[in-house]
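Engineer: This is work_7.cif (mmCIF, C-alpha atoms and all ligand atoms).
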data_protein
#
loop_
_atom_site.group_PDB
_atom_site.id
_atom_site.type_symbol
_atom_site.label_atom_id
_atom_site.label_comp_id
_atom_site.auth_asym_id
_atom_site.auth_seq_id
_atom_site.Cartn_x
_atom_site.Cartn_y
_atom_site.Cartn_z
ATOM 1 C CA MET A 1 93.605 122.042 71.468
ATOM 2 C CA SER A 2 97.028 123.091 72.810
ATOM 3 C CA THR A 3 100.010 121.044 71.728
ATOM 4 C CA ALA A 4 102.585 122.757 73.974
ATOM 5 C CA ALA A 5 104.503 120.254 76.077
ATOM 6 C CA VAL A 6 104.054 120.432 79.859
ATOM 7 C CA ASP A 7 107.100 119.962 82.069
ATOM 8 C CA VAL A 8 106.741 118.334 85.471
ATOM 9 C CA GLU A 9 109.505 118.037 88.044
ATOM 10 C CA LEU A 10 109.130 114.891 90.130
ATOM 11 C CA TRP A 11 110.695 114.618 93.564
ATOM 12 C CA VAL A 12 110.753 111.378 95.576
ATOM 13 C CA TRP A 13 112.033 111.037 99.148
ATOM 14 C CA PRO A 14 111.924 108.682 102.127
ATOM 15 C CA LEU A 15 109.739 109.485 105.120
ATOM 16 C CA ASP A 16 111.395 107.307 107.745
ATOM 17 C CA ILE A 17 114.234 109.650 108.687
ATOM 18 C CA GLY A 18 116.263 110.401 111.786
ATOM 19 C CA ALA A 19 115.079 112.606 114.653
ATOM 20 C CA ASP A 20 117.535 115.427 113.855
ATOM 21 C CA GLU A 21 116.386 115.819 110.283
ATOM 22 C CA ARG A 22 112.752 115.544 111.358
ATOM 23 C CA GLY A 23 113.318 118.287 113.924
ATOM 24 C CA ARG A 24 114.693 120.573 111.224
ATOM 25 C CA LEU A 25 111.654 119.886 108.981
ATOM 26 C CA PHE A 26 109.191 120.277 111.864
ATOM 27 C CA ALA A 27 110.385 123.861 112.370
ATOM 28 C CA TYR A 28 108.964 124.773 108.926
ATOM 29 C CA LEU A 29 105.381 123.722 109.701
ATOM 30 C CA SER A 30 102.545 126.220 110.129
ATOM 31 C CA ASP A 31 100.305 126.228 113.211
ATOM 32 C CA ASP A 32 97.577 124.236 111.443
ATOM 33 C CA GLU A 33 100.133 121.659 110.264
ATOM 34 C CA VAL A 34 101.536 121.321 113.786
ATOM 35 C CA ALA A 35 97.980 120.843 115.077
ATOM 36 C CA ARG A 36 97.363 118.187 112.432
ATOM 37 C CA ALA A 37 100.638 116.439 113.284
ATOM 38 C CA GLU A 38 99.579 116.350 116.939
ATOM 39 C CA ARG A 39 96.294 114.638 116.082
ATOM 40 C CA PHE A 40 97.976 111.466 114.749
ATOM 41 C CA VAL A 41 97.546 108.589 117.175
ATOM 42 C CA PHE A 42 100.713 106.733 116.157
ATOM 43 C CA ASP A 43 104.182 108.301 116.293
ATOM 44 C CA ARG A 44 105.129 106.686 113.005
ATOM 45 C CA ASP A 45 102.257 108.433 111.161
ATOM 46 C CA ARG A 46 103.085 111.778 112.791
ATOM 47 C CA HIS A 47 106.745 111.410 111.889
ATOM 48 C CA ARG A 48 105.925 110.584 108.282
ATOM 49 C CA TYR A 49 103.524 113.529 108.018
ATOM 50 C CA ILE A 50 106.253 115.888 109.273
ATOM 51 C CA ALA A 51 108.794 114.401 106.839
ATOM 52 C CA ALA A 52 106.363 114.769 103.914
ATOM 53 C CA ARG A 53 105.129 118.300 104.653
ATOM 54 C CA GLY A 54 108.499 119.632 105.767
ATOM 55 C CA ARG A 55 110.377 118.373 102.723
ATOM 56 C CA MET A 56 107.569 119.530 100.403
ATOM 57 C CA ARG A 57 107.917 123.027 101.904
ATOM 58 C CA GLU A 58 111.663 122.908 101.411
ATOM 59 C CA ILE A 59 111.405 121.941 97.722
ATOM 60 C CA LEU A 60 108.657 124.455 96.893
ATOM 61 C CA ALA A 61 110.446 127.256 98.771
ATOM 62 C CA ARG A 62 113.644 126.653 96.864
ATOM 63 C CA LEU A 63 111.789 126.779 93.532
ATOM 64 C CA LEU A 64 110.098 130.030 94.578
ATOM 65 C CA GLY A 65 113.166 131.674 96.089
ATOM 66 C CA THR A 66 111.626 131.963 99.540
ATOM 67 C CA THR A 67 111.955 130.161 102.867
ATOM 68 C CA PRO A 68 110.003 126.991 103.751
ATOM 69 C CA ALA A 69 108.221 128.448 106.781
ATOM 70 C CA GLU A 70 106.959 131.441 104.776
ATOM 71 C CA LEU A 71 104.775 129.394 102.422
ATOM 72 C CA ARG A 72 101.040 129.814 103.091
ATOM 73 C CA PHE A 73 98.923 127.047 101.602
ATOM 74 C CA ALA A 74 95.286 127.552 100.654
ATOM 75 C CA TYR A 75 92.940 124.541 100.529
ATOM 76 C CA SER A 76 90.128 123.799 98.083
ATOM 77 C CA SER A 77 86.769 122.627 99.419
ATOM 78 C CA HIS A 78 88.046 119.075 98.816
ATOM 79 C CA GLY A 79 91.309 119.694 100.656
ATOM 80 C CA LYS A 80 93.756 120.138 97.747
ATOM 81 C CA PRO A 81 96.576 122.454 98.842
ATOM 82 C CA SER A 82 97.738 125.264 96.538
ATOM 83 C CA LEU A 83 99.886 128.406 96.601
ATOM 84 C CA PRO A 84 98.844 131.878 95.381
ATOM 85 C CA VAL A 85 101.622 131.883 92.745
ATOM 86 C CA ALA A 86 102.235 130.265 89.347
ATOM 87 C CA LEU A 87 103.444 126.993 90.773
ATOM 88 C CA HIS A 88 101.232 123.926 90.775
ATOM 89 C CA PHE A 89 102.093 120.884 92.829
ATOM 90 C CA ASN A 90 100.667 117.666 94.184
ATOM 91 C CA LEU A 91 101.974 115.425 96.947
ATOM 92 C CA SER A 92 101.399 111.727 97.512
ATOM 93 C CA HIS A 93 102.675 109.375 100.183
ATOM 94 C CA SER A 94 102.441 105.668 100.821
ATOM 95 C CA GLU A 95 104.183 103.760 103.603
ATOM 96 C CA GLY A 96 107.644 105.318 103.975
ATOM 97 C CA LEU A 97 107.795 107.145 100.652
ATOM 98 C CA ALA A 98 106.607 110.517 99.308
ATOM 99 C CA ALA A 99 106.436 111.923 95.770
ATOM 100 C CA LEU A 100 105.831 115.520 94.750
ATOM 101 C CA GLY A 101 105.055 116.700 91.213
ATOM 102 C CA VAL A 102 105.567 120.368 90.336
ATOM 103 C CA SER A 103 104.504 122.313 87.228
ATOM 104 C CA ARG A 104 104.873 126.024 86.479
ATOM 105 C CA THR A 105 101.850 125.990 84.174
ATOM 106 C CA HIS A 106 99.291 123.238 84.838
ATOM 107 C CA GLU A 107 97.334 121.612 87.630
ATOM 108 C CA LEU A 108 98.487 118.034 88.115
ATOM 109 C CA GLY A 109 97.870 114.948 90.193
ATOM 110 C CA VAL A 110 100.384 112.475 91.605
ATOM 111 C CA ASP A 111 99.851 109.130 93.264
ATOM 112 C CA VAL A 112 102.260 106.587 94.724
ATOM 113 C CA GLU A 113 101.253 103.266 96.209
ATOM 114 C CA HIS A 114 103.144 100.576 98.024
ATOM 115 C CA VAL A 115 102.382 97.314 96.207
ATOM 116 C CA ARG A 116 100.936 94.854 98.677
ATOM 117 C CA PRO A 117 98.606 91.851 98.343
ATOM 118 C CA LEU A 118 94.935 92.789 98.211
ATOM 119 C CA LYS A 119 92.612 91.570 100.958
ATOM 120 C CA GLU A 120 89.366 92.231 99.092
ATOM 121 C CA ASP A 121 88.162 92.803 95.584
ATOM 122 C CA ILE A 122 88.887 96.518 95.355
ATOM 123 C CA ALA A 123 88.903 96.487 91.545
ATOM 124 C CA GLU A 124 85.228 95.430 91.435
ATOM 125 C CA ARG A 125 84.358 98.230 93.849
ATOM 126 C CA PHE A 126 86.287 101.118 92.301
ATOM 127 C CA PHE A 127 87.331 100.413 88.723
ATOM 128 C CA SER A 128 85.136 100.813 85.630
ATOM 129 C CA ARG A 129 83.657 97.736 83.959
ATOM 130 C CA ALA A 130 86.148 98.043 81.081
ATOM 131 C CA GLU A 131 89.088 98.214 83.510
ATOM 132 C CA VAL A 132 87.869 95.196 85.488
ATOM 133 C CA ALA A 133 87.456 93.214 82.248
ATOM 134 C CA THR A 134 90.987 94.157 81.099
ATOM 135 C CA LEU A 135 92.426 93.234 84.490
ATOM 136 C CA ARG A 136 90.677 89.868 84.673
ATOM 137 C CA ALA A 137 91.817 88.946 81.148
ATOM 138 C CA LEU A 138 95.463 89.096 82.254
ATOM 139 C CA PRO A 139 97.369 86.036 83.506
ATOM 140 C CA GLU A 140 96.916 85.865 87.276
ATOM 141 C CA HIS A 141 100.576 86.560 88.092
ATOM 142 C CA GLU A 142 100.378 89.892 86.206
ATOM 143 C CA GLN A 143 97.201 91.123 87.875
ATOM 144 C CA LEU A 144 98.630 92.679 91.041
ATOM 145 C CA ASP A 145 101.022 95.033 89.221
ATOM 146 C CA ALA A 146 98.321 95.863 86.654
ATOM 147 C CA PHE A 147 95.920 96.616 89.499
ATOM 148 C CA TYR A 148 98.350 99.131 91.015
ATOM 149 C CA ARG A 149 99.069 100.726 87.641
ATOM 150 C CA CYS A 150 95.338 101.239 87.198
ATOM 151 C CA TRP A 151 94.869 102.469 90.769
ATOM 152 C CA THR A 152 97.705 105.023 90.667
ATOM 153 C CA ARG A 153 96.616 106.348 87.247
ATOM 154 C CA LYS A 154 93.006 106.768 88.401
ATOM 155 C CA GLU A 155 94.038 108.368 91.645
ATOM 156 C CA ALA A 156 96.407 110.757 89.821
ATOM 157 C CA VAL A 157 93.535 111.874 87.561
ATOM 158 C CA VAL A 158 91.176 112.392 90.507
ATOM 159 C CA LYS A 159 93.886 114.337 92.326
ATOM 160 C CA ALA A 160 94.622 116.506 89.282
ATOM 161 C CA ILE A 161 90.938 117.442 89.114
ATOM 162 C CA GLY A 162 91.054 117.932 92.869
ATOM 163 C CA GLU A 163 87.558 116.625 93.567
ATOM 164 C CA GLY A 164 88.637 113.662 95.668
ATOM 165 C CA LEU A 165 86.151 110.853 95.747
ATOM 166 C CA SER A 166 83.262 113.073 94.699
ATOM 167 C CA ARG A 167 84.235 112.174 91.110
ATOM 168 C CA PRO A 168 82.932 108.651 90.449
ATOM 169 C CA LEU A 169 85.928 106.438 89.754
ATOM 170 C CA ASP A 170 84.036 104.530 87.062
ATOM 171 C CA SER A 171 83.372 107.744 85.090
ATOM 172 C CA PHE A 172 86.664 107.313 83.252
ATOM 173 C CA ASP A 173 88.925 104.498 81.991
ATOM 174 C CA VAL A 174 92.715 104.318 82.049
ATOM 175 C CA THR A 175 95.145 101.838 80.533
ATOM 176 C CA LEU A 176 96.582 99.098 82.739
ATOM 177 C CA GLY A 177 99.647 98.183 80.659
ATOM 178 C CA ALA A 178 103.215 98.859 81.711
ATOM 179 C CA GLN A 179 104.192 100.568 78.467
ATOM 180 C CA SER A 180 101.646 103.289 77.859
ATOM 181 C CA ALA A 181 99.841 105.227 80.588
ATOM 182 C CA ARG A 182 96.807 106.846 78.961
ATOM 183 C CA LEU A 183 93.268 108.005 79.603
ATOM 184 C CA LEU A 184 90.895 106.063 77.353
ATOM 185 C CA ARG A 185 87.526 107.592 78.243
ATOM 186 C CA MET A 186 86.146 110.296 80.497
ATOM 187 C CA ASP A 187 82.461 111.181 80.926
ATOM 188 C CA GLY A 188 81.884 114.893 80.359
ATOM 189 C CA GLU A 189 85.311 115.565 78.814
ATOM 190 C CA ARG A 190 84.197 117.592 75.779
ATOM 191 C CA ASP A 191 87.616 117.549 74.075
ATOM 192 C CA GLY A 192 88.154 113.792 74.305
ATOM 193 C CA PRO A 193 90.562 111.721 76.397
ATOM 194 C CA SER A 194 93.733 112.812 74.560
ATOM 195 C CA VAL A 195 93.658 116.225 76.293
ATOM 196 C CA TRP A 196 94.814 114.248 79.328
ATOM 197 C CA GLN A 197 98.332 112.937 79.527
ATOM 198 C CA MET A 198 99.808 110.544 82.059
ATOM 199 C CA ALA A 199 103.152 109.109 82.997
ATOM 200 C CA HIS A 200 103.985 105.989 84.927
ATOM 201 C CA PHE A 201 106.970 105.975 87.275
ATOM 202 C CA ALA A 202 108.566 103.487 89.639
ATOM 203 C CA PRO A 203 109.535 105.534 92.715
ATOM 204 C CA ALA A 204 111.324 102.632 94.446
ATOM 205 C CA THR A 205 111.315 98.849 94.523
ATOM 206 C CA GLY A 206 107.865 97.660 95.559
ATOM 207 C CA PHE A 207 106.133 100.963 94.735
ATOM 208 C CA GLN A 208 104.259 102.261 91.716
ATOM 209 C CA GLY A 209 103.452 105.819 90.780
ATOM 210 C CA ALA A 210 101.613 107.950 88.236
ATOM 211 C CA VAL A 211 101.380 111.602 87.223
ATOM 212 C CA ALA A 212 98.296 112.958 85.413
ATOM 213 C CA CYS A 213 97.753 116.358 83.861
ATOM 214 C CA ARG A 214 95.156 117.904 81.555
ATOM 215 C CA THR A 215 97.766 119.284 79.164
ATOM 216 C CA GLY A 216 95.226 120.041 76.441
ATOM 217 C CA GLY A 217 96.966 117.604 74.115
ATOM 218 C CA GLY A 218 100.646 118.495 74.558
ATOM 219 C CA ALA A 219 103.147 115.916 75.733
ATOM 220 C CA LEU A 220 103.783 115.447 79.449
ATOM 221 C CA ILE A 221 107.505 115.532 80.183
ATOM 222 C CA VAL A 222 108.321 114.237 83.656
ATOM 223 C CA THR A 223 111.859 114.758 84.948
ATOM 224 C CA ARG A 224 113.047 113.019 88.121
ATOM 225 C CA GLU A 225 114.840 115.444 90.434
ATOM 226 C CA THR A 226 117.181 114.577 93.245
HETATM 227 C C1 LIG B 301 93.356 113.145 99.109
HETATM 228 C C2 LIG B 301 92.788 112.083 98.206
HETATM 229 C C3 LIG B 301 92.359 112.706 96.902
HETATM 230 C C4 LIG B 301 93.915 111.101 97.917
HETATM 231 O O1 LIG B 301 94.229 110.418 99.054
HETATM 232 P P1 LIG B 301 95.317 109.266 99.176
HETATM 233 O O2 LIG B 301 95.537 108.520 97.907
HETATM 234 O O3 LIG B 301 94.890 108.491 100.338
HETATM 235 O O4 LIG B 301 96.618 110.060 99.569
HETATM 236 P P2 LIG B 301 97.856 110.621 98.791
HETATM 237 O O5 LIG B 301 99.004 110.358 99.665
HETATM 238 O O6 LIG B 301 97.982 110.176 97.368
HETATM 239 O O7 LIG B 301 97.555 112.185 98.752
HETATM 240 C C5 LIG B 301 97.469 112.938 99.909
HETATM 241 C C6 LIG B 301 97.953 114.349 99.599
HETATM 242 O O8 LIG B 301 97.236 114.887 98.492
HETATM 243 C C7 LIG B 301 96.958 116.269 98.720
HETATM 244 N N1 LIG B 301 95.494 116.406 98.665
HETATM 245 C C8 LIG B 301 94.588 116.501 99.666
HETATM 246 N N2 LIG B 301 93.339 116.629 99.141
HETATM 247 C C9 LIG B 301 93.477 116.588 97.806
HETATM 248 C C10 LIG B 301 92.547 116.661 96.728
HETATM 249 N N3 LIG B 301 91.229 116.823 96.917
HETATM 250 N N4 LIG B 301 93.013 116.599 95.459
HETATM 251 C C11 LIG B 301 94.331 116.459 95.226
HETATM 252 N N5 LIG B 301 95.271 116.388 96.206
HETATM 253 C C12 LIG B 301 94.830 116.437 97.479
HETATM 254 C C13 LIG B 301 97.559 116.640 100.081
HETATM 255 O O9 LIG B 301 98.812 117.229 99.867
HETATM 256 C C14 LIG B 301 97.714 115.286 100.761
HETATM 257 O O10 LIG B 301 98.862 115.261 101.568
HETATM 258 P P3 LIG B 301 98.862 115.714 103.128
HETATM 259 O O11 LIG B 301 98.721 114.473 103.903
HETATM 260 O O12 LIG B 301 100.173 116.334 103.324
HETATM 261 O O13 LIG B 301 97.779 116.687 103.325
HETATM 262 C C15 LIG B 301 91.602 111.383 98.888
HETATM 263 O O14 LIG B 301 90.668 112.298 99.303
HETATM 264 C C16 LIG B 301 90.890 110.433 98.010
HETATM 265 O O15 LIG B 301 90.022 110.781 97.293
HETATM 266 N N6 LIG B 301 91.259 109.193 98.051
HETATM 267 C C17 LIG B 301 90.721 108.205 97.181
HETATM 268 C C18 LIG B 301 90.893 106.837 97.761
HETATM 269 C C19 LIG B 301 90.365 105.754 96.839
HETATM 270 O O16 LIG B 301 89.543 104.980 97.227
HETATM 271 N N7 LIG B 301 90.874 105.671 95.603
HETATM 272 C C20 LIG B 301 90.514 104.666 94.658
HETATM 273 C C21 LIG B 301 91.425 104.795 93.450
HETATM 274 S S1 LIG B 301 91.021 103.646 92.180
#
Would you mind writing the structure in this file as structure tokens?
Structural biologist:
Amino acid sequence: MSTAAVDVELWVWPLDIGADERGRLFAYLSDDEVARAERFVFDRDRHRYIAARGRMREILARLLGTTPAELRFAYSSHGKPSLPVALHFNLSHSEGLAALGVSRTHELGVDVEHVRPLKEDIAERFFSRAEVATLRALPEHEQLDAFYRCWTRKEAVVKAIGEGLSRPLDSFDVTLGAQSARLLRMDGERDGPSVWQMAHFAPATGFQGAVACRTGGGALIVTRET
């Protein structure tokens, strides 16, 4: 088991920006990204997509010493973007906010969610039995935040693995508490849950976020960049 610490740079930025800045970011997009932008039905979604992709290109290009438009993303069979260099990254967006995690050494997953009231019982549908039991044992006024902590941690793990929803969400358990973000159980993880490390972050008021990485046992050190 490796005990080397893994450093992650975390970038957070708003997606609802002015037309001039959006125009500058749009110029970085590849043909397939332009085509995808054009497929959005609502302007607001298209604008946010441009702001997320364009700024992600800008950040990654600066770290790599290249220009944003030159980056060529490859996509896994489940749609996870990557670059053919030693720079791992994962993007997440929710409402008007984006977060990007970057590591020089390890695959990682990032998730941000806008905290909003739930219309249906999503926990029963997606969480493991242990997570649902932990959630329901909490006082009612604490359950919404705990729900989103659980959701973002699970999503960050799934995104680190890159399999999307083909990994059953009840095949692993995460903590729900505010203090310690941890993996508690994962089916098929031969080295035990402690090879995974997680970090909770609060990207902005009304949002929750998580980073997950299979560090091999080393600490996960997340640094907010501006
Ligand atoms: C992409 C996926 C992994 C996450 O989707 P999401 O939470 O809706 O969206 P996020 O904003 O966090 O992430 C989207 C970004 O992740 C990246 N991404 C796409 N496919 C990915 C994958 N398979 N793995 C990791 N990252 C992926 C892309 O950069 C994408 O941004 P883009 O719009 O610029 O292409 C989605 O396929 C998925 O599995 N969603 C699960 C939804 C769910 O029910 N979760 C329950 C959690 S308890």
Engineer: Using the chain letters and numbering of this document, enumerate as a list in words the residues selected by the PyMOL selection byres (((chain A and resi 170) around 7) and not hetatm).
Structural biologist: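 Here the PyMOL selection byres (((chain A and resi 170) around 7) and not hetatm) matches Phe126, Phe127, Ser128, Pro168, Leu169, Ser171 and Phe172 of chain A.
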Engineer: Between atom CA of Val12 of chain A and atom CA of Ala99 of chain A, what is the distance, to one decimal in Å?
Structural biologist: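 Answer for the atom CA of Val12 of chain A to atom CA of Ala99 of chain A separation: 4.4 Å.
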Engineer: Could you list the residues chosen by the PyMOL selection byres (((chain A and resi 150-161) around 7) and not hetatm) in this structure as a JSON list (two decimals) with C-alpha atoms, in the coordinates of the input?
Structural biologist:
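For reference, part20.json as written:
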[["chain", "number", "residue", "atom", "x", "y", "z"],
["A", 107, "GLU", "CA", 97.33, 121.61, 87.63],
["A", 108, "LEU", "CA", 98.49, 118.03, 88.12],
["A", 109, "GLY", "CA", 97.87, 114.95, 90.19],
["A", 110, "VAL", "CA", 100.38, 112.48, 91.60],
["A", 111, "ASP", "CA", 99.85, 109.13, 93.26],
["A", 112, "VAL", "CA", 102.26, 106.59, 94.72],
["A", 113, "GLU", "CA", 101.25, 103.27, 96.21],
["A", 146, "ALA", "CA", 98.32, 95.86, 86.65],
["A", 147, "PHE", "CA", 95.92, 96.62, 89.50],
["A", 148, "TYR", "CA", 98.35, 99.13, 91.02],
["A", 149, "ARG", "CA", 99.07, 100.73, 87.64],
["A", 162, "GLY", "CA", 91.05, 117.93, 92.87],
["A", 163, "GLU", "CA", 87.56, 116.62, 93.57],
["A", 164, "GLY", "CA", 88.64, 113.66, 95.67],
["A", 167, "ARG", "CA", 84.24, 112.17, 91.11],
["A", 174, "VAL", "CA", 92.72, 104.32, 82.05],
["A", 175, "THR", "CA", 95.14, 101.84, 80.53],
["A", 176, "LEU", "CA", 96.58, 99.10, 82.74],
["A", 209, "GLY", "CA", 103.45, 105.82, 90.78],
["A", 210, "ALA", "CA", 101.61, 107.95, 88.24],
["A", 211, "VAL", "CA", 101.38, 111.60, 87.22],
["A", 212, "ALA", "CA", 98.30, 112.96, 85.41],
["A", 213, "CYS", "CA", 97.75, 116.36, 83.86]]
Engineer: I'd like the neighbourhood of segment 17-27 of chain A as a ChimeraX atom specification, where a residue qualifies if any of its atoms comes within 9 Å (using all atoms listed in the file), though same-chain residues fewer than 6 positions away should be ignored.
Structural biologist: /A:34,47-48,50-55,57-58,68-69
Engineer: Which one of A:Leu15, A:Ile122, A:Val8, A:Ala199 sits closest to ligand LIG 301 (chain B) if you count only C-alpha atoms and all ligand atoms?
Structural biologist: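 For ligand LIG 301 (chain B), the nearest of the given residues is A:Ile122.
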Engineer: Which of these, A:His93, A:His141, A:His88, A:Arg214, has the shortest distance to ligand LIG 301 (chain B) once you count all atoms listed in the file?
Structural biologist: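 Ranking A:His93, A:His141, A:His88, A:Arg214 by distance to ligand LIG 301 (chain B), first place goes to A:His93.
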Engineer: If the PyMOL selection byres (((chain A and resi 64) around 12) and not hetatm) were run on this exact file, what residues would it hold? Put them as a PyMOL selection string.
Structural biologist: chain A and resi 57-63+65-68+70-71+83-88+102+104
Engineer: Rounded to one decimal place, report the atom C6 of ligand LIG 301 (chain B)-atom CA of Leu91 of chain A distance in Å.
Structural biologist: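 Separation between atom C6 of ligand LIG 301 (chain B) and atom CA of Leu91 of chain A: 4.9 Å.
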Engineer: Considering all atoms listed in the file, return as a list in words whatever protein or nucleic-acid residues lie within 9 Å of Arg116 of chain A, sequence-local ones (same chain, fewer than 3 positions apart) excluded.
Structural biologist: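 Here the qualifying residues turn out to be Glu113, Leu144, Gly206 and Phe207 of chain A.
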Engineer: What is the distance between atom CA of Arg36 of chain A and atom C21 of ligand LIG 301 (chain B), in Å to one decimal?
Structural biologist: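 Separation between atom CA of Arg36 of chain A and atom C21 of ligand LIG 301 (chain B): 24.0 Å.
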Engineer: Of the residues A:Gly177, A:Pro117, A:Gly217, A:Gly79, which is the one nearest to Thr134 of chain A, using all atoms listed in the file?
Structural biologist: A:Gly177
Engineer: Go through A:Trp11, A:Glu33, A:Phe40, A:His106 and flag the residue nearest Met56 of chain A, using all atoms listed in the file for the distances.
Structural biologist: A:Trp11
